[in-house]
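Each remark here refers to the structure printed beneath this line.
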Amino acid sequence: MACFPPPGSITLCEINRALVTTESYTDTRSYEVYGKVLGLVFDPIPFQSDTLLPNFEKELEDESGDGVRIASESPFVSRGLQYLQRVFNNFFERGFSPKNVHFLSKVFLQGVSWNQHNHILAYISGPNQVSVRDFENSESREPSILTSETQRGVRAIEWRPNGGKTLSVACKGGICIWSASYPGNVAPLRSGVASFLGNPARGSGIRWALVDFLKSPGGEQVTALSWSPNGRLLASASSESSSFIIWDVAQGTGTPIRRGLGGISLLKWSPTGDYFFTTKFDGTFYLWETNTWTSEPWSSSGSFVIDSSWDPDGRMILVAFSDSTTLGSIHFASKPPSLDAHLLPVDLPEIVSVTGSTSVEMIAWDTSGERLAVSYKDADKMYAGLIAVYDIRRTPLVSASLIGFIRGPGERPRPLAFSFHNKFKQGPLLSVCWSSGWCCTYPLIFRSHSL
């Protein structure tokens, strides 16, 4: 039977298909449950969620066919909400359907990222800032804050693979590239870029330097990022443009690539680098092979892809569609560079039967291929704001078995963004930014050698 966190409790971790909860968080409790196994405790990190995407209980709806009304219990409209209003207005000017506007805030926020080789978590902590928490720094729990006049309207972040401590940040007009600087070992700047040092965490000795800024054509708001697995190329896209850009980061040059007319919602490079996945708001999505950059178009009637996640081998990708609780798995029929593939349904029946939800919002698949995290919308009150955790099997086809639900801290928390640590050796680590203003990490421990 699936684990359900009682109201008033908070989830700590998974131990062999059992999601452990507690009434209040303490380091002692976490150490007893999982810390003595992992040798590390992941304490919750506070941030100002109301300045990021305020009041996620608001409903975005079409008032008269000429625009969008934002219904709110509060008369106060913050800068963050005004920013989203401008984004939505831009969409309608370009002919996007108002019925899909309530998905945009979810699709646009790529807000949590783990460094591949270190226990360092980055997350969007405000409209114009990113916080970086080094869990290996035992001297301080304070995160470093990365801010700059250049960095406005942060919408996505992603660590550079095989690039040490280098973080890319999608913002208005381009991409900020931050890198760690140490005493006596200052991060190099590309010629013509003005350095800016972020606020250091106490006791860390690290300062984060803004080492590059990749300007987007026309100054568009960058809303999606994806690094190639070798860390040499960075893909970026804007919801305002039908083209995506492949950047040679070392040279600071970008090559636009265009297919179709709709604005791009998502980019995902495969773990092997052989394939690339792009989605658009008009319901089309594309599979690319990266040897010759040839693509194969697909389409979904009456919906669009709101999230996706590759399997660890890069031969299959899970996709979530708007207005659906059934995922799709796209399987490649042969080896690269072939684009021959087929789409199969992956049922998550409990999303409807247990939670009463009508649609999946976000998904994340860990790199062991054994755990899938799913958030959903319009659920019954008891299940609202929780994250469903599934045990995944990939042979012969993808199948999902519900383990239970994760509840965040605070009053009526909802997940704003979440992501798995790609290289944590002792099992999946799921980090979630909650609307209640906490970024929490949940170890999912289910291998016998980890206990």
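Chain labels run A, B, ... following the order of the structure tokens; each chain numbers its residues from 1, and ligands are numbered from 1 in the order shown.
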Inset, instruction - Could you find all residues in segment 210-417 of chain A that DSSP calls helix (DSSP H, G or I) from the backbone, and write them as a VMD selection string? - result: chain A and resid 217 to 219 349 to 353 381 to 383
Legend entry - Test item: residues at most 10 Å from Ser228 of chain A, only C-alpha atoms, excluding those fewer than 6 positions along its chain, as an MDAnalysis selection string: chainID A and resid 160:161 234:235 246 268:276
Inset, instruction - May I ask which of the residues A:Ile177, A:Cys439, A:Leu210, A:Val169 is the closest one to Gly252 of chain A, counting only C-alpha atoms? - result: A:Ile177
Legend entry - Residue with smallest distance to Leu287 of chain A - pool A:Gly262, A:Thr255, A:Trp434, A:Pro337, counting only C-alpha atoms: A:Pro337
Legend entry - From A:Gly231, A:Gly173, A:Gly126, A:Gly404, residue lying nearest Trp159 of chain A [only C-alpha atoms]: A:Gly231
Legend entry - 8 Å contact set for segment 370-386 of chain A, only C-alpha atoms, chain neighbours under 3 positions out, as a ChimeraX atom specification: /A:7,351,355-367,389-393,405-408,412-415,428
What does the file look like for those residues with C-alpha atoms, as a compact mmCIF listing (two decimals), in the first residue's frame?
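Wrote out-v7.txt, looks like this:
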```txt
# COMPACT_ATOMS: atom_id res chain seq x y z
CA PRO A 7 -1.45 16.21 7.52
CA ILE A 351 -2.92 10.02 -10.07
CA THR A 355 -5.47 11.93 -5.78
CA GLY A 356 -8.38 12.92 -8.01
CA SER A 357 -6.02 14.96 -10.20
CA THR A 358 -6.67 15.74 -13.84
CA SER A 359 -3.13 16.35 -15.08
CA VAL A 360 0.55 15.81 -14.40
CA GLU A 361 2.59 19.02 -13.97
CA MET A 362 6.27 18.03 -13.61
CA ILE A 363 8.31 14.84 -13.74
CA ALA A 364 11.89 13.90 -12.80
CA TRP A 365 13.55 10.52 -13.46
CA ASP A 366 16.68 9.64 -11.51
CA THR A 367 19.76 8.35 -13.31
CA VAL A 389 7.15 8.75 -5.99
CA TYR A 390 7.13 5.72 -8.30
CA ASP A 391 9.27 2.61 -8.56
CA ILE A 392 10.11 2.25 -12.27
CA ARG A 393 10.85 -0.88 -14.29
CA PHE A 405 3.83 10.67 -1.50
CA ILE A 406 6.23 13.37 -0.28
CA ARG A 407 4.87 16.24 1.79
CA GLY A 408 6.84 19.45 2.14
CA ARG A 412 -0.12 24.23 2.16
CA PRO A 413 3.22 23.64 0.39
CA ARG A 414 3.31 23.02 -3.35
CA PRO A 415 6.36 22.05 -5.42
CA PRO A 428 18.67 8.97 -5.65
```
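Distances from A:Lys165, A:Arg155, A:His331, A:His342 to Val222 of chain A were compared using only C-alpha atoms, and the smallest one belongs to A:Arg155.
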Inset, instruction - One decimal, Å: what's the distance from atom CA of Thr166 of chain A over to atom CA of Ser436 of chain A, could you say? - result: 28.4 Å
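Using only C-alpha atoms, the smallest distance between any of A:Ser308, A:Leu430, A:Glu142, A:Ala2 and Glu350 of chain A comes from A:Ala2.
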Inset, instruction - Fewer than 3 positions away in the same chain doesn't count, so skip those; otherwise give me all residues within 8 Å of segment 108-124 of chain A, counting only C-alpha atoms, as a PyMOL selection string. - result: chain A and resi 52+104-105+127+129-136+154-162+164-165+223-224+265+416-423+431-433
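Using only C-alpha atoms, the residues found no farther than 8 Å from segment 325-328 of chain A, other than those of its own chain fewer than 2 positions away, are A:Leu318, A:Val319, A:Ala320, A:Phe321, A:Asp323, A:Ile330, A:Leu343, A:Leu344, A:Pro345, A:Val346, A:Asp347, A:Leu348, A:Pro349, A:Ile351, A:Val352, A:Ser357, A:Thr358, A:Ser359, A:Val360.
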Inset, instruction - Identify all residues of segment 172-290 of chain A in strand (DSSP E) (DSSP on the backbone) and supply them as number ranges by chain. - result: A: 174-181, 207-215, 224-227, 233-237, 243-248, 253-258, 264-269, 275-280, 284-289
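Taking only C-alpha atoms into account, Lys335 of chain A lies nearest to A:Met316 out of the set A:Leu38, A:Met316, A:Asn128, A:Ile45.
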